[in-house]
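Dumped model.txt below, it's compact mmCIF, C-alpha atoms and all ligand atoms:
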```txt
# COMPACT_ATOMS: atom_id res chain seq x y z
CA MET Y 1 -6.10 70.01 -29.13
CA GLU Y 2 -6.70 73.66 -28.23
CA LYS Y 3 -7.27 74.41 -24.57
CA ILE Y 4 -10.77 73.61 -23.33
CA ARG Y 5 -12.78 76.64 -22.24
CA LEU Y 6 -14.44 76.16 -18.87
CA GLY Y 7 -16.48 78.53 -16.76
CA ILE Y 8 -15.44 78.65 -13.11
CA SER Y 9 -16.45 80.42 -9.91
CA THR Y 10 -13.80 83.13 -9.64
CA CYS Y 11 -12.84 82.50 -6.00
CA LEU Y 12 -11.62 78.97 -6.93
CA LEU Y 13 -8.84 80.59 -8.96
CA GLY Y 14 -7.51 82.32 -5.84
CA ASN Y 15 -9.00 85.75 -6.58
CA ASN Y 16 -10.01 87.68 -3.46
CA VAL Y 17 -13.68 88.09 -4.33
CA ARG Y 18 -15.41 86.40 -1.38
CA TYR Y 19 -17.66 88.31 0.99
CA ASP Y 20 -14.82 88.46 3.56
CA GLY Y 21 -12.21 89.52 0.99
CA GLY Y 22 -10.72 86.01 0.83
CA HIS Y 23 -10.59 83.28 -1.81
CA LYS Y 24 -11.00 79.51 -2.13
CA LEU Y 25 -8.03 78.62 -4.30
CA ASP Y 26 -8.17 75.02 -5.53
CA ARG Y 27 -4.70 73.89 -6.61
CA PHE Y 28 -5.88 70.89 -8.60
CA LEU Y 29 -8.04 73.16 -10.73
CA THR Y 30 -5.41 75.86 -11.25
CA ASP Y 31 -2.15 73.89 -11.42
CA THR Y 32 -3.16 70.46 -12.76
CA LEU Y 33 -6.37 70.75 -14.77
CA GLY Y 34 -5.37 74.33 -15.58
CA GLN Y 35 -2.68 73.04 -17.96
CA TYR Y 36 -5.39 71.84 -20.34
CA VAL Y 37 -8.05 74.41 -19.67
CA GLU Y 38 -8.65 78.10 -20.24
CA TYR Y 39 -10.91 79.37 -17.48
CA VAL Y 40 -13.66 81.93 -17.88
CA PRO Y 41 -14.16 83.27 -14.35
CA VAL Y 42 -17.59 84.29 -13.09
CA CYS Y 43 -18.27 85.75 -9.64
CA PRO Y 44 -22.02 86.39 -9.48
CA GLU Y 45 -21.96 88.45 -6.29
CA VAL Y 46 -19.25 90.86 -7.40
CA GLU Y 47 -20.40 91.01 -11.03
CA CYS Y 48 -23.99 91.80 -10.03
CA GLY Y 49 -22.74 94.88 -8.25
CA LEU Y 50 -21.97 93.89 -4.66
CA GLY Y 51 -18.68 95.08 -3.18
CA ILE Y 52 -15.73 93.36 -1.49
CA PRO Y 53 -16.02 92.88 1.42
CA ARG Y 54 -19.80 92.60 1.73
CA GLU Y 55 -22.34 91.14 4.05
CA SER Y 56 -22.68 87.37 3.72
CA MET Y 57 -25.89 85.99 2.20
CA HIS Y 58 -27.99 82.86 2.32
CA LEU Y 59 -31.08 81.36 0.73
CA GLU Y 60 -34.39 81.38 2.56
CA GLY Y 61 -38.02 80.47 2.00
CA ASP Y 62 -39.32 77.86 -0.44
CA PRO Y 63 -36.45 75.44 -1.29
CA ASP Y 64 -37.71 75.24 -4.91
CA SER Y 65 -37.74 78.98 -5.34
CA PRO Y 66 -35.76 80.54 -2.51
CA ARG Y 67 -34.85 84.20 -1.95
CA LEU Y 68 -31.25 85.39 -1.74
CA VAL Y 69 -31.07 87.45 1.44
CA THR Y 70 -28.24 89.14 3.39
CA THR Y 71 -27.62 87.34 6.67
CA TYR Y 72 -28.02 90.19 9.20
CA SER Y 73 -29.64 93.20 7.52
CA LYS Y 74 -32.08 90.91 5.67
CA GLN Y 75 -31.92 92.73 2.33
CA ASP Y 76 -33.45 90.72 -0.47
CA MET Y 77 -30.89 90.57 -3.33
CA THR Y 78 -32.83 88.07 -5.49
CA GLU Y 79 -34.05 90.45 -8.20
CA GLN Y 80 -30.65 92.09 -8.62
CA MET Y 81 -28.94 88.70 -8.95
CA VAL Y 82 -31.55 87.22 -11.31
CA ARG Y 83 -31.49 90.25 -13.64
CA TRP Y 84 -27.70 90.13 -13.87
CA ALA Y 85 -27.58 86.31 -14.23
CA GLN Y 86 -30.01 86.32 -17.17
CA LYS Y 87 -27.81 88.81 -18.99
CA ARG Y 88 -24.61 86.98 -18.07
CA VAL Y 89 -25.71 83.57 -19.37
CA ALA Y 90 -26.60 85.18 -22.70
CA GLU Y 91 -23.05 86.62 -22.84
CA LEU Y 92 -21.54 83.25 -21.91
CA GLU Y 93 -23.08 81.71 -25.03
CA LYS Y 94 -20.29 83.38 -26.99
CA GLU Y 95 -17.57 81.85 -24.79
CA ASP Y 96 -17.68 78.35 -26.29
CA LEU Y 97 -17.72 76.77 -22.82
CA CYS Y 98 -17.36 72.99 -22.52
CA GLY Y 99 -18.44 73.00 -18.87
CA PHE Y 100 -18.55 74.90 -15.58
CA ILE Y 101 -16.98 74.32 -12.17
CA PHE Y 102 -19.05 75.90 -9.41
CA LYS Y 103 -18.06 76.75 -5.85
CA SER Y 104 -19.87 74.38 -3.49
CA ASN Y 105 -22.14 75.59 -0.68
CA SER Y 106 -22.61 79.08 -2.10
CA PRO Y 107 -26.10 80.63 -2.23
CA SER Y 108 -25.14 82.22 -5.56
CA SER Y 109 -22.76 79.71 -7.17
CA GLY Y 110 -23.54 76.35 -5.55
CA MET Y 111 -25.01 73.76 -7.93
CA GLU Y 112 -26.81 71.50 -5.42
CA ARG Y 113 -27.58 70.80 -1.76
CA ILE Y 114 -27.36 74.45 -0.74
CA ARG Y 115 -28.83 75.37 2.66
CA VAL Y 116 -32.24 77.07 2.47
CA TYR Y 117 -33.46 78.50 5.78
CA ASN Y 118 -37.12 78.38 6.83
CA GLU Y 119 -38.91 81.05 8.89
CA LYS Y 120 -37.64 79.46 12.11
CA GLY Y 121 -34.05 79.75 10.88
CA MET Y 122 -33.68 76.01 10.33
CA PRO Y 123 -31.70 75.01 7.21
CA ILE Y 124 -32.59 72.28 4.75
CA LYS Y 125 -29.95 71.27 2.19
CA ARG Y 126 -32.10 71.26 -0.94
CA GLY Y 127 -31.38 74.55 -2.68
CA VAL Y 128 -29.45 75.59 -5.78
CA GLY Y 129 -27.48 78.84 -5.94
CA VAL Y 130 -29.35 81.57 -7.82
CA PHE Y 131 -26.78 81.96 -10.62
CA ALA Y 132 -26.05 78.23 -10.81
CA LYS Y 133 -29.75 77.48 -11.32
CA ILE Y 134 -30.13 79.99 -14.15
CA PHE Y 135 -26.90 78.75 -15.76
CA ARG Y 136 -27.95 75.09 -15.58
CA ASN Y 137 -31.38 75.81 -17.04
CA HIS Y 138 -29.80 77.77 -19.87
CA PHE Y 139 -27.01 75.28 -20.67
CA SER Y 140 -28.80 72.08 -19.77
CA LEU Y 141 -26.42 69.76 -21.66
CA LEU Y 142 -23.12 71.25 -20.48
CA PRO Y 143 -21.10 69.22 -17.97
CA VAL Y 144 -21.10 70.91 -14.56
CA GLU Y 145 -19.51 70.03 -11.24
CA ASP Y 146 -18.46 71.72 -8.04
CA GLU Y 147 -14.95 71.67 -6.59
CA GLY Y 148 -16.09 69.63 -3.57
CA ARG Y 149 -17.55 66.83 -5.69
CA LEU Y 150 -14.41 66.86 -7.85
CA HIS Y 151 -12.46 65.46 -4.89
CA ASP Y 152 -14.28 62.18 -5.54
CA PRO Y 153 -12.10 60.24 -8.04
CA GLY Y 154 -15.08 58.77 -9.92
CA LEU Y 155 -16.87 62.11 -10.31
CA ARG Y 156 -13.61 63.81 -11.27
CA GLU Y 157 -12.86 61.24 -13.96
CA ASN Y 158 -16.41 61.44 -15.29
CA PHE Y 159 -16.45 65.24 -15.47
CA ILE Y 160 -13.05 65.52 -17.15
CA GLU Y 161 -13.88 62.77 -19.61
CA ARG Y 162 -17.06 64.66 -20.57
CA ILE Y 163 -15.34 68.00 -21.12
CA PHE Y 164 -12.70 66.37 -23.34
CA ALA Y 165 -15.41 64.53 -25.30
CA LEU Y 166 -17.38 67.72 -25.75
CA LYS Y 167 -14.27 69.53 -26.94
CA ARG Y 168 -13.65 66.82 -29.57
CA TRP Y 169 -17.31 67.08 -30.61
CA ARG Y 170 -17.00 70.88 -30.91
CA GLU Y 171 -14.08 70.31 -33.29
CA VAL Y 172 -16.46 68.27 -35.45
CA LEU Y 173 -18.96 71.15 -35.31
CA ASP Y 174 -16.26 73.58 -36.42
CA ARG Y 175 -15.70 71.59 -39.62
CA LYS Y 176 -17.99 71.60 -42.61
CA GLU Y 177 -21.18 69.68 -41.80
CA SER Y 178 -21.07 66.12 -43.10
CA ARG Y 179 -22.61 62.82 -42.14
CA GLY Y 180 -19.17 61.24 -42.54
CA SER Y 181 -17.77 63.42 -39.71
CA VAL Y 182 -20.50 62.22 -37.34
CA VAL Y 183 -19.92 58.59 -38.34
CA ASP Y 184 -16.16 59.00 -37.85
CA PHE Y 185 -16.60 60.61 -34.42
CA HIS Y 186 -19.04 57.89 -33.41
CA THR Y 187 -16.78 55.07 -34.57
CA LYS Y 188 -13.95 56.35 -32.37
CA HIS Y 189 -16.20 56.92 -29.35
CA LYS Y 190 -18.19 53.68 -29.53
CA LEU Y 191 -16.50 51.88 -26.68
CA LEU Y 192 -16.36 55.00 -24.53
CA ILE Y 193 -20.14 55.36 -24.93
CA LEU Y 194 -20.63 51.66 -24.20
CA SER Y 195 -18.69 52.06 -20.93
CA HIS Y 196 -21.26 54.61 -19.79
CA SER Y 197 -24.49 53.17 -21.11
CA PRO Y 198 -25.20 50.11 -23.27
CA LYS Y 199 -28.70 51.58 -23.85
CA HIS Y 200 -27.37 54.86 -25.28
CA TYR Y 201 -24.75 52.91 -27.25
CA GLN Y 202 -27.60 51.10 -29.01
CA MET Y 203 -29.64 54.26 -29.56
CA MET Y 204 -26.65 56.06 -31.05
CA GLY Y 205 -25.78 53.11 -33.25
CA MET Y 206 -29.32 53.20 -34.65
CA LEU Y 207 -29.16 56.96 -35.14
CA VAL Y 208 -25.88 56.77 -37.05
CA ALA Y 209 -27.14 53.84 -39.13
CA LYS Y 210 -30.03 55.97 -40.42
CA ALA Y 211 -27.87 59.11 -40.79
CA LYS Y 212 -28.60 59.29 -44.54
CA ASP Y 213 -32.35 59.54 -43.94
CA LEU Y 214 -32.17 62.46 -41.52
CA PRO Y 215 -31.75 66.15 -42.31
CA ILE Y 216 -28.14 66.85 -41.36
CA LYS Y 217 -28.97 69.51 -38.74
CA GLU Y 218 -31.29 67.09 -37.00
CA LEU Y 219 -28.61 64.38 -37.04
CA TYR Y 220 -26.09 66.70 -35.37
CA GLN Y 221 -28.65 67.90 -32.83
CA GLN Y 222 -29.88 64.44 -31.87
CA TYR Y 223 -26.38 62.98 -31.75
CA GLN Y 224 -25.10 65.72 -29.46
CA THR Y 225 -28.04 65.39 -27.07
CA ILE Y 226 -27.74 61.61 -26.73
CA LEU Y 227 -23.94 61.81 -26.45
CA MET Y 228 -24.11 64.23 -23.53
CA GLU Y 229 -26.87 62.23 -21.83
CA ALA Y 230 -24.85 59.03 -22.22
CA LEU Y 231 -21.59 60.39 -20.85
CA ARG Y 232 -23.37 61.90 -17.86
CA LEU Y 233 -24.15 58.36 -16.68
CA LYS Y 234 -21.30 57.04 -14.59
CA THR Y 235 -19.13 54.14 -15.61
CA THR Y 236 -18.82 51.27 -13.13
CA PRO Y 237 -16.32 48.38 -12.84
CA LYS Y 238 -19.07 46.13 -14.22
CA LYS Y 239 -19.66 48.30 -17.30
CA ASN Y 240 -15.94 48.81 -17.88
CA THR Y 241 -15.33 45.07 -17.49
CA ASN Y 242 -17.86 44.46 -20.23
CA VAL Y 243 -15.94 46.83 -22.54
CA LEU Y 244 -12.56 45.31 -21.63
CA GLN Y 245 -13.85 41.80 -22.39
CA HIS Y 246 -15.33 43.08 -25.64
CA MET Y 247 -11.91 44.49 -26.57
CA MET Y 248 -10.24 41.22 -25.74
CA GLY Y 249 -12.42 39.61 -28.41
CA TYR Y 250 -10.47 41.54 -31.05
CA PHE Y 251 -7.29 39.65 -30.15
CA LYS Y 252 -8.84 36.18 -30.00
CA GLU Y 253 -6.73 34.87 -32.82
CA GLN Y 254 -3.46 36.53 -31.87
CA LEU Y 255 -3.10 36.17 -28.09
CA SER Y 256 -1.15 33.18 -26.84
CA SER Y 257 -2.86 31.13 -24.16
CA ASP Y 258 -0.56 32.67 -21.52
CA GLU Y 259 -1.38 36.17 -22.70
CA LYS Y 260 -5.10 35.38 -22.67
CA LYS Y 261 -4.87 33.99 -19.16
CA GLU Y 262 -2.97 37.00 -17.90
CA LEU Y 263 -5.37 39.50 -19.50
CA LEU Y 264 -8.44 37.67 -18.14
CA GLU Y 265 -6.88 37.66 -14.70
CA VAL Y 266 -6.08 41.37 -14.80
CA ILE Y 267 -9.61 42.21 -16.01
CA ASP Y 268 -11.09 40.10 -13.23
CA HIS Y 269 -8.90 41.77 -10.59
CA TYR Y 270 -10.14 45.11 -11.86
CA ARG Y 271 -13.77 43.89 -11.76
CA GLN Y 272 -13.28 42.94 -8.13
CA GLU Y 273 -11.76 46.39 -7.52
CA TYR Y 274 -8.36 45.06 -6.37
CA ILE Y 275 -6.59 47.17 -8.99
CA PRO Y 276 -7.49 50.43 -10.79
CA LEU Y 277 -8.71 50.72 -14.38
CA ILE Y 278 -5.34 51.95 -15.62
CA VAL Y 279 -3.88 48.42 -15.18
CA PRO Y 280 -6.07 46.47 -17.68
CA ILE Y 281 -6.07 49.51 -19.97
CA THR Y 282 -2.25 49.55 -20.06
CA LEU Y 283 -2.11 45.84 -20.81
CA ILE Y 284 -4.67 46.16 -23.63
CA GLN Y 285 -2.79 49.15 -25.05
CA HIS Y 286 0.30 46.95 -25.08
CA TYR Y 287 -1.51 44.31 -27.17
CA VAL Y 288 -3.02 46.96 -29.44
CA ARG Y 289 0.51 48.09 -30.27
CA LYS Y 290 1.97 44.61 -30.43
CA TYR Y 291 -0.72 43.25 -32.78
CA ASP Y 292 -1.42 46.57 -34.47
CA GLN Y 293 -5.20 46.29 -34.02
CA PRO Y 294 -6.57 49.06 -36.27
CA TYR Y 295 -10.08 49.45 -34.77
CA LEU Y 296 -8.94 49.50 -31.15
CA LYS Y 297 -6.02 51.81 -31.94
CA GLU Y 298 -8.60 54.50 -32.73
CA GLN Y 299 -10.77 53.95 -29.67
CA ILE Y 300 -10.98 56.99 -27.41
CA PHE Y 301 -11.88 54.65 -24.53
CA LEU Y 302 -8.19 53.75 -24.31
CA ASN Y 303 -7.16 57.38 -24.11
CA PRO Y 304 -10.03 59.73 -23.21
CA HIS Y 305 -7.94 62.36 -21.38
CA PRO Y 306 -4.24 63.06 -20.76
CA LEU Y 307 -2.44 60.28 -18.89
CA GLU Y 308 -0.68 62.94 -16.80
CA LEU Y 309 -3.96 63.68 -15.00
CA GLN Y 310 -3.77 60.10 -13.61
CA LEU Y 311 -7.54 59.92 -13.43
CA ARG Y 312 -7.73 56.19 -14.05
CA ASN Y 313 -5.18 55.43 -11.34
CA HIS Y 314 -7.93 55.96 -8.78
CA VAL Y 315 -11.06 54.45 -10.32
S1 LIG D 1 -18.79 81.49 -4.38
FE1 LIG D 1 -19.44 82.53 -6.24
S2 LIG D 1 -20.27 84.45 -5.54
FE2 LIG D 1 -19.09 83.63 -3.87
S3 LIG D 1 -17.07 84.54 -4.11
FE3 LIG D 1 -17.04 82.58 -5.16
S4 LIG D 1 -17.53 83.08 -7.25
FE4 LIG D 1 -18.14 84.85 -6.02
```
Could you express the structure from this file as structure tokens?
Amino acid sequence: MEKIRLGISTCLLGNNVRYDGGHKLDRFLTDTLGQYVEYVPVCPEVECGLGIPRESMHLEGDPDSPRLVTTYSKQDMTEQMVRWAQKRVAELEKEDLCGFIFKSNSPSSGMERIRVYNEKGMPIKRGVGVFAKIFRNHFSLLPVEDEGRLHDPGLRENFIERIFALKRWREVLDRKESRGSVVDFHTKHKLLILSHSPKHYQMMGMLVAKAKDLPIKELYQQYQTILMEALRLKTTPKKNTNVLQHMMGYFKEQLSSDEKKELLEVIDHYRQEYIPLIVPITLIQHYVRKYDQPYLKEQIFLNPHPLELQLRNHV
């Protein structure tokens, strides 16, 4: 797989673009995830024409439509930022992004819970950074996260799973349009989708079943929308347990009673959150190889992102 292209707030890469001339290097993003990703850096404040260093800024006014204002001299930078952001998102359409990692707590780049000050100078954490809001409205289906939330193992696993899934889907889009490609993609992603949402799993199954009756463009469009909506929903031990038990059904005939007992025990320990997901997955992978199970061998659920990222060691 080619590297995944991801937008990122420039200061997270260690570039000295912050208002005080500093950076917010995040080593996981550069050194670990960076091995699989090609970053497209975006610093709204510098790119919209503000210098380094510069006066710090914050949001103030109506939390749903706040103004971007410099902290001490009270200059309103909203128009300048909005004009630039609208142009920049149009340019980013050509970048083939599979997601964006925003800098948390920034009045320009923060994606949620940004402080918005009222006329008495009291903050309420309900704002969205000016650029982040325009980006999210423009690319409503793209996976987005901020570096702070990515410290949570569940959110990290979910985000990285989504960007890898989107990259695989983009590879389908790059090929000649065919219903067969959608069916093939869906077949391999079935159990992954089920682990996020049984409801979307059903909807997508129905969509693929009537693929022949739909204009092909509409099929691609609808499939992509439901896929992204499904994967946005978080997996839980309960949902994953359902998938693991479903997988076990494929070995009913082959597993010895000892093997069955052991697998059931491991799945139950995972359900009770005594052990991480990687343990039952490893055992099932072992049986997939041992019994050469053709359907499960193809399932992305067993291998949604590189093992080296160790994402399932912590969920
Ligand atoms: S938070 Fe955004 S605007 Fe601020 S320095 Fe980082 S990239 Fe630039």
With 9 Å as the cut-off and only C-alpha atoms and all ligand atoms counted, what is the closest atom pair between each nearby residue of chain Y and ligand LIG 1 (chain D)? Distances in Å to one decimal, ordered by chain and number, as JSON lines.
```
{"residue": "Y:Ile8", "atom": "CA", "partner": "D:LIG1", "partner_atom": "S4", "distance": 7.6}
{"residue": "Y:Ser9", "atom": "CA", "partner": "D:LIG1", "partner_atom": "S4", "distance": 3.9}
{"residue": "Y:Thr10", "atom": "CA", "partner": "D:LIG1", "partner_atom": "S4", "distance": 4.4}
{"residue": "Y:Cys11", "atom": "CA", "partner": "D:LIG1", "partner_atom": "FE3", "distance": 4.3}
{"residue": "Y:Leu12", "atom": "CA", "partner": "D:LIG1", "partner_atom": "FE3", "distance": 6.7}
{"residue": "Y:Asn15", "atom": "CA", "partner": "D:LIG1", "partner_atom": "S3", "distance": 8.5}
{"residue": "Y:Asn16", "atom": "CA", "partner": "D:LIG1", "partner_atom": "S3", "distance": 7.8}
{"residue": "Y:Val17", "atom": "CA", "partner": "D:LIG1", "partner_atom": "S3", "distance": 4.9}
{"residue": "Y:Arg18", "atom": "CA", "partner": "D:LIG1", "partner_atom": "S3", "distance": 3.7}
{"residue": "Y:Tyr19", "atom": "CA", "partner": "D:LIG1", "partner_atom": "S3", "distance": 6.4}
{"residue": "Y:Asp20", "atom": "CA", "partner": "D:LIG1", "partner_atom": "S3", "distance": 8.9}
{"residue": "Y:Gly21", "atom": "CA", "partner": "D:LIG1", "partner_atom": "S3", "distance": 8.6}
{"residue": "Y:Gly22", "atom": "CA", "partner": "D:LIG1", "partner_atom": "S3", "distance": 8.2}
{"residue": "Y:His23", "atom": "CA", "partner": "D:LIG1", "partner_atom": "S3", "distance": 7.0}
{"residue": "Y:Lys24", "atom": "CA", "partner": "D:LIG1", "partner_atom": "FE3", "distance": 7.4}
{"residue": "Y:Pro41", "atom": "CA", "partner": "D:LIG1", "partner_atom": "S4", "distance": 7.9}
{"residue": "Y:Val42", "atom": "CA", "partner": "D:LIG1", "partner_atom": "S4", "distance": 6.0}
{"residue": "Y:Cys43", "atom": "CA", "partner": "D:LIG1", "partner_atom": "S4", "distance": 3.7}
{"residue": "Y:Pro44", "atom": "CA", "partner": "D:LIG1", "partner_atom": "S2", "distance": 4.7}
{"residue": "Y:Glu45", "atom": "CA", "partner": "D:LIG1", "partner_atom": "S2", "distance": 4.4}
{"residue": "Y:Val46", "atom": "CA", "partner": "D:LIG1", "partner_atom": "FE4", "distance": 6.3}
{"residue": "Y:Glu47", "atom": "CA", "partner": "D:LIG1", "partner_atom": "FE4", "distance": 8.3}
{"residue": "Y:Phe102", "atom": "CA", "partner": "D:LIG1", "partner_atom": "FE1", "distance": 7.4}
{"residue": "Y:Lys103", "atom": "CA", "partner": "D:LIG1", "partner_atom": "S1", "distance": 5.0}
{"residue": "Y:Ser104", "atom": "CA", "partner": "D:LIG1", "partner_atom": "S1", "distance": 7.2}
{"residue": "Y:Asn105", "atom": "CA", "partner": "D:LIG1", "partner_atom": "S1", "distance": 7.7}
{"residue": "Y:Ser106", "atom": "CA", "partner": "D:LIG1", "partner_atom": "S1", "distance": 5.1}
{"residue": "Y:Pro107", "atom": "CA", "partner": "D:LIG1", "partner_atom": "S1", "distance": 7.7}
{"residue": "Y:Ser108", "atom": "CA", "partner": "D:LIG1", "partner_atom": "S2", "distance": 5.4}
{"residue": "Y:Ser109", "atom": "CA", "partner": "D:LIG1", "partner_atom": "FE1", "distance": 4.5}
{"residue": "Y:Gly110", "atom": "CA", "partner": "D:LIG1", "partner_atom": "S1", "distance": 7.1}
{"residue": "Y:Gly129", "atom": "CA", "partner": "D:LIG1", "partner_atom": "FE1", "distance": 8.9}
{"residue": "Y:Phe131", "atom": "CA", "partner": "D:LIG1", "partner_atom": "FE1", "distance": 8.6}
```
I need the chosen residues saved as a PDB file, in the coordinates of the input, with C-alpha atoms.
```
ATOM      1  CA  ILE Y   8     -15.440  78.650 -13.110  1.00  0.00           C
ATOM      2  CA  SER Y   9     -16.450  80.420  -9.910  1.00  0.00           C
ATOM      3  CA  THR Y  10     -13.800  83.130  -9.640  1.00  0.00           C
ATOM      4  CA  CYS Y  11     -12.840  82.500  -6.000  1.00  0.00           C
ATOM      5  CA  LEU Y  12     -11.620  78.970  -6.930  1.00  0.00           C
ATOM      6  CA  ASN Y  15      -9.000  85.750  -6.580  1.00  0.00           C
ATOM      7  CA  ASN Y  16     -10.010  87.680  -3.460  1.00  0.00           C
ATOM      8  CA  VAL Y  17     -13.680  88.090  -4.330  1.00  0.00           C
ATOM      9  CA  ARG Y  18     -15.410  86.400  -1.380  1.00  0.00           C
ATOM     10  CA  TYR Y  19     -17.660  88.310   0.990  1.00  0.00           C
ATOM     11  CA  ASP Y  20     -14.820  88.460   3.560  1.00  0.00           C
ATOM     12  CA  GLY Y  21     -12.210  89.520   0.990  1.00  0.00           C
ATOM     13  CA  GLY Y  22     -10.720  86.010   0.830  1.00  0.00           C
ATOM     14  CA  HIS Y  23     -10.590  83.280  -1.810  1.00  0.00           C
ATOM     15  CA  LYS Y  24     -11.000  79.510  -2.130  1.00  0.00           C
ATOM     16  CA  PRO Y  41     -14.160  83.270 -14.350  1.00  0.00           C
ATOM     17  CA  VAL Y  42     -17.590  84.290 -13.090  1.00  0.00           C
ATOM     18  CA  CYS Y  43     -18.270  85.750  -9.640  1.00  0.00           C
ATOM     19  CA  PRO Y  44     -22.020  86.390  -9.480  1.00  0.00           C
ATOM     20  CA  GLU Y  45     -21.960  88.450  -6.290  1.00  0.00           C
ATOM     21  CA  VAL Y  46     -19.250  90.860  -7.400  1.00  0.00           C
ATOM     22  CA  GLU Y  47     -20.400  91.010 -11.030  1.00  0.00           C
ATOM     23  CA  PHE Y 102     -19.050  75.900  -9.410  1.00  0.00           C
ATOM     24  CA  LYS Y 103     -18.060  76.750  -5.850  1.00  0.00           C
ATOM     25  CA  SER Y 104     -19.870  74.380  -3.490  1.00  0.00           C
ATOM     26  CA  ASN Y 105     -22.140  75.590  -0.680  1.00  0.00           C
ATOM     27  CA  SER Y 106     -22.610  79.080  -2.100  1.00  0.00           C
ATOM     28  CA  PRO Y 107     -26.100  80.630  -2.230  1.00  0.00           C
ATOM     29  CA  SER Y 108     -25.140  82.220  -5.560  1.00  0.00           C
ATOM     30  CA  SER Y 109     -22.760  79.710  -7.170  1.00  0.00           C
ATOM     31  CA  GLY Y 110     -23.540  76.350  -5.550  1.00  0.00           C
ATOM     32  CA  GLY Y 129     -27.480  78.840  -5.940  1.00  0.00           C
ATOM     33  CA  PHE Y 131     -26.780  81.960 -10.620  1.00  0.00           C
TER      34      PHE Y 131
END
```
Notebook entry, point to check: Which of these residues is nearest to Thr241 in chain Y, using only C-alpha atoms: Y:Glu2, Y:Glu145, Y:Glu273, Y:Asp152?
Noted result: Y:Glu273
Notebook entry, point to check: Hey, what's within 10 Å of Phe28 in chain Y if we count all atoms listed in the file and toss same-chain stuff fewer than 5 positions away? As number ranges by chain, please?
Noted result: Y: 33-34, 147, 150-151, 309
Check: CA of Glu91 in chain Y and CA of Pro53 in chain Y are how many Å apart?
Finding: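 Distance reported for this atom pair: 26.0 Å.
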Next item on the list: Using all atoms listed in the file, find the one residue out of Y:Ile124, Y:Leu97, Y:Met111, Y:Ala90 that sits nearest to Gly61 in chain Y.
Entry: Y:Ile124
Check: Please, what distance in Å, to one decimal, runs between CA of Thr236 in chain Y and CA of His196 in chain Y?
Finding: 7.8 Å
Check: For the atom pair CA of Ile193 in chain Y and CA of Lys261 in chain Y, what is the interatomic distance in Å to one decimal place?
Finding: 26.9 Å
Item checked: Sel. within 12 Å of pt (-11.9, 61.6, -23.8), counting all atoms listed in the file, output as a ChimeraX atom specification -> /Y:1,157-169,185,188-193,231,298-307,311-312
Would you save the residues from that selection as an mmCIF file, keeping the file's coordinate frame, using C-alpha atoms?
```
data_model
loop_
_atom_site.group_PDB
_atom_site.id
_atom_site.type_symbol
_atom_site.label_atom_id
_atom_site.label_comp_id
_atom_site.auth_asym_id
_atom_site.auth_seq_id
_atom_site.Cartn_x
_atom_site.Cartn_y
_atom_site.Cartn_z
ATOM 1 C CA MET Y 1 -6.100 70.010 -29.130
ATOM 2 C CA GLU Y 157 -12.860 61.240 -13.960
ATOM 3 C CA ASN Y 158 -16.410 61.440 -15.290
ATOM 4 C CA PHE Y 159 -16.450 65.240 -15.470
ATOM 5 C CA ILE Y 160 -13.050 65.520 -17.150
ATOM 6 C CA GLU Y 161 -13.880 62.770 -19.610
ATOM 7 C CA ARG Y 162 -17.060 64.660 -20.570
ATOM 8 C CA ILE Y 163 -15.340 68.000 -21.120
ATOM 9 C CA PHE Y 164 -12.700 66.370 -23.340
ATOM 10 C CA ALA Y 165 -15.410 64.530 -25.300
ATOM 11 C CA LEU Y 166 -17.380 67.720 -25.750
ATOM 12 C CA LYS Y 167 -14.270 69.530 -26.940
ATOM 13 C CA ARG Y 168 -13.650 66.820 -29.570
ATOM 14 C CA TRP Y 169 -17.310 67.080 -30.610
ATOM 15 C CA PHE Y 185 -16.600 60.610 -34.420
ATOM 16 C CA LYS Y 188 -13.950 56.350 -32.370
ATOM 17 C CA HIS Y 189 -16.200 56.920 -29.350
ATOM 18 C CA LYS Y 190 -18.190 53.680 -29.530
ATOM 19 C CA LEU Y 191 -16.500 51.880 -26.680
ATOM 20 C CA LEU Y 192 -16.360 55.000 -24.530
ATOM 21 C CA ILE Y 193 -20.140 55.360 -24.930
ATOM 22 C CA LEU Y 231 -21.590 60.390 -20.850
ATOM 23 C CA GLU Y 298 -8.600 54.500 -32.730
ATOM 24 C CA GLN Y 299 -10.770 53.950 -29.670
ATOM 25 C CA ILE Y 300 -10.980 56.990 -27.410
ATOM 26 C CA PHE Y 301 -11.880 54.650 -24.530
ATOM 27 C CA LEU Y 302 -8.190 53.750 -24.310
ATOM 28 C CA ASN Y 303 -7.160 57.380 -24.110
ATOM 29 C CA PRO Y 304 -10.030 59.730 -23.210
ATOM 30 C CA HIS Y 305 -7.940 62.360 -21.380
ATOM 31 C CA PRO Y 306 -4.240 63.060 -20.760
ATOM 32 C CA LEU Y 307 -2.440 60.280 -18.890
ATOM 33 C CA LEU Y 311 -7.540 59.920 -13.430
ATOM 34 C CA ARG Y 312 -7.730 56.190 -14.050
#
```
Closest-contact table, range 231-285 of chain Y side, partner range 198-219 of chain Y, 10 Å, counting all atoms listed in the file, as a tab-separated table:
```
residue	atom	partner	partner_atom	distance
Y:Leu231	CA	Y:His200	CA	9.1
Y:Leu233	CA	Y:His200	CA	9.8
Y:Lys239	CA	Y:Pro198	CA	8.3
Y:Asn242	CA	Y:Pro198	CA	9.7
Y:Val243	CA	Y:Pro198	CA	9.9
```
Can I get the selected residues back with C-alpha atoms, as a PDB file, in the coordinates of the input?
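Contents of part36.pdb, freshly written:
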```
ATOM      1  CA  LEU Y 231     -21.590  60.390 -20.850  1.00  0.00           C
ATOM      2  CA  LEU Y 233     -24.150  58.360 -16.680  1.00  0.00           C
ATOM      3  CA  LYS Y 239     -19.660  48.300 -17.300  1.00  0.00           C
ATOM      4  CA  ASN Y 242     -17.860  44.460 -20.230  1.00  0.00           C
ATOM      5  CA  VAL Y 243     -15.940  46.830 -22.540  1.00  0.00           C
TER       6      VAL Y 243
END
```
